[in-house]
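Visitor: Handing you a structure now.
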Amino acid sequence: EAAEKGGYDHFMIKEIYEQPKAIKDTLSPRINKDNVIKLDDIKITKEELEKINRVYIIACGTAYHAGLLGKVLIEKYVKIPVIADVASEFRYGSPFIDENTLMIVVSQSGETADTLAALRLAKKNNAKVYAVTNVVGSTISREADEVFYTWAGPEIAVASTKAYTTQLVSMALIALDMAVKKGTIDKKEYDKVLNELRGLSEKAQRILDNTELIKKASEKIYKAQSVFFIGRGIDYDVAREGSLKLKEISYIHSEAMAAGELKHGTIALIEEGTPVIAIATQERLYDKMLSNIKEVKARGAYVIALTKQGNEEIEKTADTVIYIPDVVDELTSVLSVIPLQLLAYYVAVMRGCDVDKPRNLAKSVTVE
Ligand code: G6P
């Protein structure tokens with residue numbers, strides 16, 4: 001096992017450090033030399049795509065959090081309404097599924113029971129199903145109409161890291177491919193996002209090369225009873241993933257809140273010293289986040305802010321600021337999740353937890 005860990009203490013940290021490569025491996029085969037996305041894995045035609053009037057993105061756990069980005073990007077670039085839901089809720093609801101529905105299931109293992117059941121429900125009702133999965137030949141990959149593989153390589157740690165970041169870039173590729181086929185994105189925007197996608201791997205590496213501040217922040221929070229993650233839009237989605245990472249491996253109670261909802265309840269729990277991780281990468285929501293940070297600071301919170309390079313005035317309000325390299329707002333989560341993964345990892349190690357095999361959790365949940 002030590003050999004498999006390649007010199008790292010745990011699989012989780014090894015997999016966190018494999019992300020630049022995983023991102024690159026997932027992107028490179030799908031972007032040709034003329035800077036155009038070519039998804040050989042997804043053969044849907046323009047005509048088929050034009051019929052689709054509703055998209056469901058269904059998954060569990062971390063894969064669901066990646067699906068949330070799919071919703072944002074498909075609604076923005078493809079202009080089709082998207083519902084993202086966890087599979088265990090979706091399958092017992094009353095979804096509207098017909099031959100004009102597209103379902104995208106996201107699953108690292110390709111074996112999660114609830115996700116598979118959602119896929120079967122969609123197929124039974126004549127929907128088209130895409131699977132985004134990391135395991136070649138998995139049940140979900142065999143039953144879906146189209147399979148898009150994340151080339152993250154085997155993920156051993158129970159807490160998912162590199163699968164998530166590759167699922168995020170997959171969401172972007174799928175959304176852009178649909179948008180081009182439907183003609184709903186202009187060339188300038190398409191080129192911009194594509195260029196930014198290509199830069200992600202190197203930027204992820206930059207974060208991994210400089211982790212001192214994240215270690216220091218972990219020391220500040222590792223004894224906490226409760227940690228709150230706040231954000232808006234894409235930052236709220238990544239807050240949910242950051243919170244899940246922390247709770248699953250460190251056993252610290254944590255909650256992610258849409259920052260604008262704080263005052264409707266959660267702010268009552270903020271006391272002197274309560275750690276709040278505030279994610280503020282979205283330009284049009286930045287000022288709103290600054291006011292939310294001030295609100296929790298006024299109640300005594302210890303605020304660790306996460307933002308893009310260039311947003312230095314946040315240092316006036318937050319106690320610690322962690323920067324990610326500048327990147328287009330639509331893709332920030334691919335980078336902002338990395339400090340959150342590292343934070344969860346360092347905290348869990350400081351607390352002496354079994355990082356790779358947290359109690360009560362399984363890597364693949366094949367029973368309901
Ligand atoms: C389990 C794992 C999670 C994972 C979820 C969905 O709970 O511990 O890390 O996100 O299942 O798994 P899947 O293989 O479908 O992505």
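Labeling convention for the structure tokens: chains A, B, ... as they appear, residues from 1 per chain, ligands from 1 in order of appearance.
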Need the shell around Arg206 (chain A): protein/DNA/RNA residues with any atom at most 12 Å away, counting only C-alpha atoms. Skip same-chain ones fewer than 2 positions apart. Format as a PDB file with N, CA and C atoms, in the first residue's frame?

Guide:
ATOM      1  N   TYR A  17      -3.201  16.000  -5.236  1.00  0.00           N
ATOM      2  CA  TYR A  17      -2.060  16.448  -6.044  1.00  0.00           C
ATOM      3  C   TYR A  17      -2.103  15.920  -7.477  1.00  0.00           C
ATOM      4  N   GLN A  19      -4.630  16.258  -9.321  1.00  0.00           N
ATOM      5  CA  GLN A  19      -5.671  16.986 -10.057  1.00  0.00           C
ATOM      6  C   GLN A  19      -5.195  17.723 -11.308  1.00  0.00           C
ATOM      7  N   PRO A  20      -4.036  18.385 -11.286  1.00  0.00           N
ATOM      8  CA  PRO A  20      -3.632  19.042 -12.532  1.00  0.00           C
ATOM      9  C   PRO A  20      -3.571  18.062 -13.710  1.00  0.00           C
ATOM     10  N   GLY A 199      -6.265  26.596 -19.349  1.00  0.00           N
ATOM     11  CA  GLY A 199      -5.322  27.126 -18.354  1.00  0.00           C
ATOM     12  C   GLY A 199      -5.514  26.527 -16.964  1.00  0.00           C
ATOM     13  N   LEU A 200      -6.585  25.752 -16.763  1.00  0.00           N
ATOM     14  CA  LEU A 200      -6.938  25.308 -15.409  1.00  0.00           C
ATOM     15  C   LEU A 200      -5.889  24.406 -14.761  1.00  0.00           C
ATOM     16  N   SER A 201      -5.334  23.503 -15.551  1.00  0.00           N
ATOM     17  CA  SER A 201      -4.413  22.529 -14.996  1.00  0.00           C
ATOM     18  C   SER A 201      -3.204  23.236 -14.359  1.00  0.00           C
ATOM     19  N   GLU A 202      -2.659  24.183 -15.090  1.00  0.00           N
ATOM     20  CA  GLU A 202      -1.478  24.903 -14.598  1.00  0.00           C
ATOM     21  C   GLU A 202      -1.832  25.746 -13.363  1.00  0.00           C
ATOM     22  N   LYS A 203      -3.021  26.335 -13.375  1.00  0.00           N
ATOM     23  CA  LYS A 203      -3.435  27.147 -12.220  1.00  0.00           C
ATOM     24  C   LYS A 203      -3.678  26.275 -10.990  1.00  0.00           C
ATOM     25  N   ALA A 204      -4.216  25.084 -11.211  1.00  0.00           N
ATOM     26  CA  ALA A 204      -4.432  24.138 -10.099  1.00  0.00           C
ATOM     27  C   ALA A 204      -3.075  23.794  -9.485  1.00  0.00           C
ATOM     28  N   LEU A 208      -1.424  24.154  -5.572  1.00  0.00           N
ATOM     29  CA  LEU A 208      -0.820  23.029  -4.858  1.00  0.00           C
ATOM     30  C   LEU A 208       0.634  23.292  -4.486  1.00  0.00           C
ATOM     31  N   ASP A 209       1.280  24.204  -5.205  1.00  0.00           N
ATOM     32  CA  ASP A 209       2.679  24.513  -4.923  1.00  0.00           C
ATOM     33  C   ASP A 209       2.835  25.483  -3.756  1.00  0.00           C
ATOM     34  N   ASN A 210       1.742  26.018  -3.276  1.00  0.00           N
ATOM     35  CA  ASN A 210       1.853  27.047  -2.239  1.00  0.00           C
ATOM     36  C   ASN A 210       0.734  26.875  -1.198  1.00  0.00           C
ATOM     37  N   THR A 211       0.979  25.986  -0.246  1.00  0.00           N
ATOM     38  CA  THR A 211      -0.115  25.600   0.652  1.00  0.00           C
ATOM     39  C   THR A 211       0.069  26.108   2.088  1.00  0.00           C
ATOM     40  N   TYR A 323      -6.076  33.079  -1.733  1.00  0.00           N
ATOM     41  CA  TYR A 323      -6.323  33.496  -3.111  1.00  0.00           C
ATOM     42  C   TYR A 323      -6.206  32.328  -4.078  1.00  0.00           C
ATOM     43  N   ILE A 324      -7.083  32.345  -5.080  1.00  0.00           N
ATOM     44  CA  ILE A 324      -6.904  31.425  -6.205  1.00  0.00           C
ATOM     45  C   ILE A 324      -6.488  32.271  -7.415  1.00  0.00           C
ATOM     46  N   PRO A 325      -5.772  31.673  -8.365  1.00  0.00           N
ATOM     47  CA  PRO A 325      -5.394  32.450  -9.549  1.00  0.00           C
ATOM     48  C   PRO A 325      -6.633  32.974 -10.284  1.00  0.00           C
ATOM     49  N   ASP A 326      -6.457  34.068 -10.969  1.00  0.00           N
ATOM     50  CA  ASP A 326      -7.569  34.654 -11.705  1.00  0.00           C
ATOM     51  C   ASP A 326      -8.080  33.680 -12.771  1.00  0.00           C
ATOM     52  N   LEU A 335     -10.943  25.545  -9.288  1.00  0.00           N
ATOM     53  CA  LEU A 335      -9.785  25.971  -8.502  1.00  0.00           C
ATOM     54  C   LEU A 335     -10.138  26.176  -7.033  1.00  0.00           C
ATOM     55  N   ILE A 338      -9.926  23.356  -4.415  1.00  0.00           N
ATOM     56  CA  ILE A 338      -8.645  22.752  -4.013  1.00  0.00           C
ATOM     57  C   ILE A 338      -8.212  23.215  -2.605  1.00  0.00           C
ATOM     58  N   PRO A 339      -8.223  24.523  -2.325  1.00  0.00           N
ATOM     59  CA  PRO A 339      -7.920  24.913  -0.933  1.00  0.00           C
ATOM     60  C   PRO A 339      -8.900  24.292   0.069  1.00  0.00           C
TER      61      PRO A 339
END

Visitor: Would you mind listing what lies within 8 Å of Leu176 (chain A) as a list in words, with only C-alpha atoms counted and same-chain residues fewer than 4 positions away left out?

Guide: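 Answer for this query is Ile37, Ile74, Tyr77, Val78, Ala172, Val180, Ile185 and Tyr190 of chain A.
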
Visitor: Could you write out that same residue set with N, CA and C atoms as a PDB file, in the first residue's frame?

Guide:
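The new file result_0.pdb reads:
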ATOM      1  N   ILE A  37     -13.983  22.119 -29.378  1.00  0.00           N
ATOM      2  CA  ILE A  37     -14.331  20.931 -28.603  1.00  0.00           C
ATOM      3  C   ILE A  37     -14.882  19.864 -29.546  1.00  0.00           C
ATOM      4  N   ILE A  74     -25.378  24.953 -18.407  1.00  0.00           N
ATOM      5  CA  ILE A  74     -26.345  24.612 -19.466  1.00  0.00           C
ATOM      6  C   ILE A  74     -27.425  25.688 -19.553  1.00  0.00           C
ATOM      7  N   TYR A  77     -25.555  28.798 -21.179  1.00  0.00           N
ATOM      8  CA  TYR A  77     -25.070  28.715 -22.562  1.00  0.00           C
ATOM      9  C   TYR A  77     -26.038  28.019 -23.522  1.00  0.00           C
ATOM     10  N   VAL A  78     -26.860  27.113 -23.019  1.00  0.00           N
ATOM     11  CA  VAL A  78     -27.726  26.331 -23.922  1.00  0.00           C
ATOM     12  C   VAL A  78     -29.177  26.795 -23.830  1.00  0.00           C
ATOM     13  N   ALA A 172     -18.495  21.534 -18.079  1.00  0.00           N
ATOM     14  CA  ALA A 172     -18.211  22.670 -18.962  1.00  0.00           C
ATOM     15  C   ALA A 172     -18.118  22.208 -20.417  1.00  0.00           C
ATOM     16  N   VAL A 180     -22.766  24.969 -28.787  1.00  0.00           N
ATOM     17  CA  VAL A 180     -22.273  25.150 -30.154  1.00  0.00           C
ATOM     18  C   VAL A 180     -23.225  24.459 -31.129  1.00  0.00           C
ATOM     19  N   ILE A 185     -24.408  30.056 -28.253  1.00  0.00           N
ATOM     20  CA  ILE A 185     -23.288  30.758 -27.610  1.00  0.00           C
ATOM     21  C   ILE A 185     -22.537  31.530 -28.693  1.00  0.00           C
ATOM     22  N   TYR A 190     -17.356  31.583 -26.356  1.00  0.00           N
ATOM     23  CA  TYR A 190     -16.903  30.197 -26.478  1.00  0.00           C
ATOM     24  C   TYR A 190     -15.372  30.129 -26.419  1.00  0.00           C
TER      25      TYR A 190
END

Visitor: For ligand 1, which of A:Thr165, A:Asn35, A:Gln282, A:Thr317 is the closest residue, counting only C-alpha atoms and all ligand atoms?

Guide: A:Thr165

Visitor: Which residues, written as a ChimeraX atom specification, have at least one atom at most 9 Å from Glu111 (chain A), with only C-alpha atoms counted and residues fewer than 5 positions away on the same chain left out?

Guide: /A:116,135,138-141,364-366

Visitor: Work out how far apart CA of Leu119 (chain A) and CA of Glu241 (chain A) are and give it in Å to one decimal.

Guide: 23.2 Å

Visitor: Throw together the list of residues within 9 Å of ligand 1, counting only C-alpha atoms and all ligand atoms, and drop it here as a PyMOL selection string.

Guide: chain A and resi 59-65+105-116+133-135+157-161+163-164+245+248+361-366

Visitor: Apply DSSP to the structure's backbone, then extract all residues of region 167-236 of chain A labelled helix (DSSP H, G or I) and return them as a ChimeraX atom specification.

Guide: /A:167-182,187-208,212-221,234-236

Visitor: Could you write out that same residue set with N, CA and C atoms as a compact mmCIF listing (two decimals), in the first residue's frame?

Guide:
# COMPACT_ATOMS: atom_id res chain seq x y z
N GLN A 167 -15.17 16.04 -13.04
CA GLN A 167 -16.61 16.14 -13.34
C GLN A 167 -16.98 17.60 -13.66
N LEU A 168 -16.36 18.53 -12.94
CA LEU A 168 -16.64 19.95 -13.22
C LEU A 168 -16.23 20.32 -14.64
N VAL A 169 -15.02 19.92 -15.04
CA VAL A 169 -14.61 20.30 -16.40
C VAL A 169 -15.47 19.55 -17.43
N SER A 170 -15.93 18.37 -17.08
CA SER A 170 -16.82 17.64 -18.00
C SER A 170 -18.13 18.40 -18.19
N MET A 171 -18.64 18.96 -17.10
CA MET A 171 -19.87 19.75 -17.20
C MET A 171 -19.67 20.91 -18.18
N ALA A 172 -18.49 21.53 -18.08
CA ALA A 172 -18.21 22.67 -18.96
C ALA A 172 -18.12 22.21 -20.42
N LEU A 173 -17.44 21.10 -20.65
CA LEU A 173 -17.29 20.60 -22.03
C LEU A 173 -18.65 20.24 -22.61
N ILE A 174 -19.47 19.56 -21.82
CA ILE A 174 -20.79 19.14 -22.31
C ILE A 174 -21.67 20.36 -22.60
N ALA A 175 -21.65 21.33 -21.69
CA ALA A 175 -22.47 22.53 -21.90
C ALA A 175 -22.01 23.29 -23.15
N LEU A 176 -20.71 23.43 -23.32
CA LEU A 176 -20.21 24.16 -24.48
C LEU A 176 -20.51 23.42 -25.78
N ASP A 177 -20.38 22.09 -25.73
CA ASP A 177 -20.68 21.30 -26.92
C ASP A 177 -22.16 21.44 -27.32
N MET A 178 -23.03 21.38 -26.32
CA MET A 178 -24.46 21.53 -26.61
C MET A 178 -24.74 22.93 -27.17
N ALA A 179 -24.09 23.92 -26.57
CA ALA A 179 -24.34 25.31 -26.98
C ALA A 179 -23.89 25.56 -28.41
N VAL A 180 -22.77 24.97 -28.79
CA VAL A 180 -22.27 25.15 -30.15
C VAL A 180 -23.22 24.46 -31.13
N LYS A 181 -23.62 23.23 -30.79
CA LYS A 181 -24.52 22.51 -31.68
C LYS A 181 -25.84 23.25 -31.87
N LYS A 182 -26.32 23.86 -30.79
CA LYS A 182 -27.59 24.58 -30.88
C LYS A 182 -27.44 26.02 -31.34
N LYS A 187 -19.25 33.16 -30.51
CA LYS A 187 -17.89 32.67 -30.72
C LYS A 187 -16.90 33.25 -29.70
N LYS A 188 -17.07 34.53 -29.39
CA LYS A 188 -16.14 35.19 -28.48
C LYS A 188 -16.18 34.56 -27.08
N GLU A 189 -17.40 34.34 -26.62
CA GLU A 189 -17.59 33.75 -25.29
C GLU A 189 -17.05 32.32 -25.29
N TYR A 190 -17.36 31.58 -26.36
CA TYR A 190 -16.90 30.20 -26.48
C TYR A 190 -15.37 30.13 -26.42
N ASP A 191 -14.72 30.96 -27.21
CA ASP A 191 -13.25 30.97 -27.24
C ASP A 191 -12.67 31.33 -25.88
N LYS A 192 -13.33 32.28 -25.24
CA LYS A 192 -12.84 32.74 -23.93
C LYS A 192 -12.88 31.58 -22.92
N VAL A 193 -14.03 30.92 -22.83
CA VAL A 193 -14.18 29.86 -21.83
C VAL A 193 -13.24 28.69 -22.15
N LEU A 194 -13.13 28.40 -23.43
CA LEU A 194 -12.26 27.30 -23.84
C LEU A 194 -10.79 27.57 -23.46
N ASN A 195 -10.36 28.81 -23.72
CA ASN A 195 -9.00 29.16 -23.33
C ASN A 195 -8.79 29.04 -21.83
N GLU A 196 -9.81 29.46 -21.10
CA GLU A 196 -9.71 29.38 -19.64
C GLU A 196 -9.68 27.92 -19.19
N LEU A 197 -10.42 27.08 -19.86
CA LEU A 197 -10.39 25.64 -19.53
C LEU A 197 -8.97 25.11 -19.68
N ARG A 198 -8.35 25.50 -20.76
CA ARG A 198 -6.99 25.01 -21.03
C ARG A 198 -5.97 25.48 -20.00
N GLY A 199 -6.27 26.60 -19.35
CA GLY A 199 -5.32 27.13 -18.35
C GLY A 199 -5.51 26.53 -16.96
N LEU A 200 -6.59 25.75 -16.76
CA LEU A 200 -6.94 25.31 -15.41
C LEU A 200 -5.89 24.41 -14.76
N SER A 201 -5.33 23.50 -15.55
CA SER A 201 -4.41 22.53 -15.00
C SER A 201 -3.20 23.24 -14.36
N GLU A 202 -2.66 24.18 -15.09
CA GLU A 202 -1.48 24.90 -14.60
C GLU A 202 -1.83 25.75 -13.36
N LYS A 203 -3.02 26.34 -13.38
CA LYS A 203 -3.44 27.15 -12.22
C LYS A 203 -3.68 26.28 -10.99
N ALA A 204 -4.22 25.08 -11.21
CA ALA A 204 -4.43 24.14 -10.10
C ALA A 204 -3.08 23.79 -9.48
N GLN A 205 -2.09 23.59 -10.35
CA GLN A 205 -0.73 23.28 -9.88
C GLN A 205 -0.18 24.41 -9.00
N ARG A 206 -0.45 25.64 -9.44
CA ARG A 206 0.04 26.79 -8.67
C ARG A 206 -0.51 26.79 -7.25
N ILE A 207 -1.78 26.42 -7.11
CA ILE A 207 -2.38 26.37 -5.76
C ILE A 207 -1.67 25.30 -4.93
N LEU A 208 -1.42 24.15 -5.57
CA LEU A 208 -0.82 23.03 -4.86
C LEU A 208 0.63 23.29 -4.49
N GLU A 212 1.12 26.91 2.31
CA GLU A 212 1.42 27.35 3.68
C GLU A 212 0.25 28.03 4.39
N LEU A 213 -0.38 28.94 3.65
CA LEU A 213 -1.48 29.70 4.24
C LEU A 213 -2.66 28.79 4.58
N ILE A 214 -2.88 27.80 3.74
CA ILE A 214 -4.00 26.88 3.98
C ILE A 214 -3.71 26.04 5.23
N LYS A 215 -2.46 25.65 5.38
CA LYS A 215 -2.06 24.91 6.60
C LYS A 215 -2.31 25.77 7.83
N LYS A 216 -1.91 27.03 7.74
CA LYS A 216 -2.09 27.94 8.89
C LYS A 216 -3.57 28.10 9.23
N ALA A 217 -4.37 28.24 8.17
CA ALA A 217 -5.82 28.39 8.40
C ALA A 217 -6.38 27.13 9.06
N SER A 218 -5.87 25.97 8.67
CA SER A 218 -6.34 24.71 9.26
C SER A 218 -6.05 24.68 10.76
N GLU A 219 -4.87 25.18 11.14
CA GLU A 219 -4.53 25.21 12.57
C GLU A 219 -5.51 26.04 13.37
N LYS A 220 -6.04 27.07 12.71
CA LYS A 220 -6.98 27.95 13.41
C LYS A 220 -8.33 27.27 13.65
N ILE A 221 -8.68 26.32 12.82
CA ILE A 221 -10.06 25.79 12.92
C ILE A 221 -10.14 24.33 13.38
N ILE A 234 -22.20 29.96 -7.92
CA ILE A 234 -21.23 28.86 -8.03
C ILE A 234 -20.46 28.69 -6.72
N ASP A 235 -20.25 29.80 -6.02
CA ASP A 235 -19.53 29.73 -4.75
C ASP A 235 -20.34 28.99 -3.68
N TYR A 236 -21.64 29.06 -3.77
CA TYR A 236 -22.47 28.30 -2.83
C TYR A 236 -22.36 26.80 -3.15

Visitor: Write out as a ChimeraX atom specification the residues lying within 12 Å of Ser291 (chain A), counting only C-alpha atoms and excluding same-chain residues fewer than 3 positions away.

Guide: /A:231,259-260,262-263,278,280,285-288,294-298,314,317-318

Visitor: Skipping near chain neighbours, those fewer than 3 positions away, what residues fall within 10 Å of Asp9 (chain A) using only C-alpha atoms, listed as a list in words?

Guide: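 Result of the neighbour search: Ala2, Lys5, Gly6, Met12, Ile13, Lys14, Val349, Val355 and Asp356 of chain A.
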
Visitor: State, in Å with one decimal place, the distance from CA of Leu342 (chain A) to CA of Glu15 (chain A).

Guide: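 These two atoms are separated by 11.0 Å.
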
Visitor: Measure the distance from CA of Gln309 (chain A) to CA of Ile279 (chain A) in Å and round it to one decimal.

Guide: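 Computing the Euclidean distance for CA of Gln309 (chain A) and CA of Ile279 (chain A) yields 12.9 Å.
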
Visitor: Give me the residues within 7 Å of region 144-146 of chain A as a VMD selection string, counting only C-alpha atoms and dropping any in the same chain fewer than 3 places off.

Guide: chain A and resid 41 to 42 128 to 131 140 to 141

Visitor: Quick check for you: according to DSSP on this backbone, which residues of region 221-276 of chain A are classed as strand (DSSP E or B)? Reply as a PyMOL selection string.

Guide: chain A and resi 226-231+253-258+275-276

Visitor: Which neighbours of Lys51 (chain A) fall inside 8 Å, counting only C-alpha atoms, when residues of the same chain fewer than 3 positions from it are skipped, and could you give them as a list of chain:residue names?

Guide: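 Counting only the stated atoms, we get A:Glu47, A:Glu48, A:Asn100.
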
Visitor: Could you turn the residues from that selection into a file that holds N, CA and C atoms, as a CSV table (one decimal), in the first residue's frame?

Guide:
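Once everything was written out, this is part08.csv:
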chain,number,residue,atom,x,y,z
A,47,GLU,N,-30.2,17.9,-34.5
A,47,GLU,CA,-31.7,17.8,-34.5
A,47,GLU,C,-32.2,17.2,-33.2
A,48,GLU,N,-31.5,16.2,-32.7
A,48,GLU,CA,-31.9,15.6,-31.4
A,48,GLU,C,-31.9,16.6,-30.3
A,100,ASN,N,-38.5,14.1,-24.9
A,100,ASN,CA,-37.8,15.4,-25.1
A,100,ASN,C,-36.9,15.8,-23.9

Visitor: Calculated over only C-alpha atoms, which of the candidates A:Gly352, A:Gly310, A:Gly273, A:Gly153 has the smallest distance to Glu18 (chain A)?

Guide: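 Ranking A:Gly352, A:Gly310, A:Gly273, A:Gly153 by distance to Glu18 (chain A), first place goes to A:Gly153.
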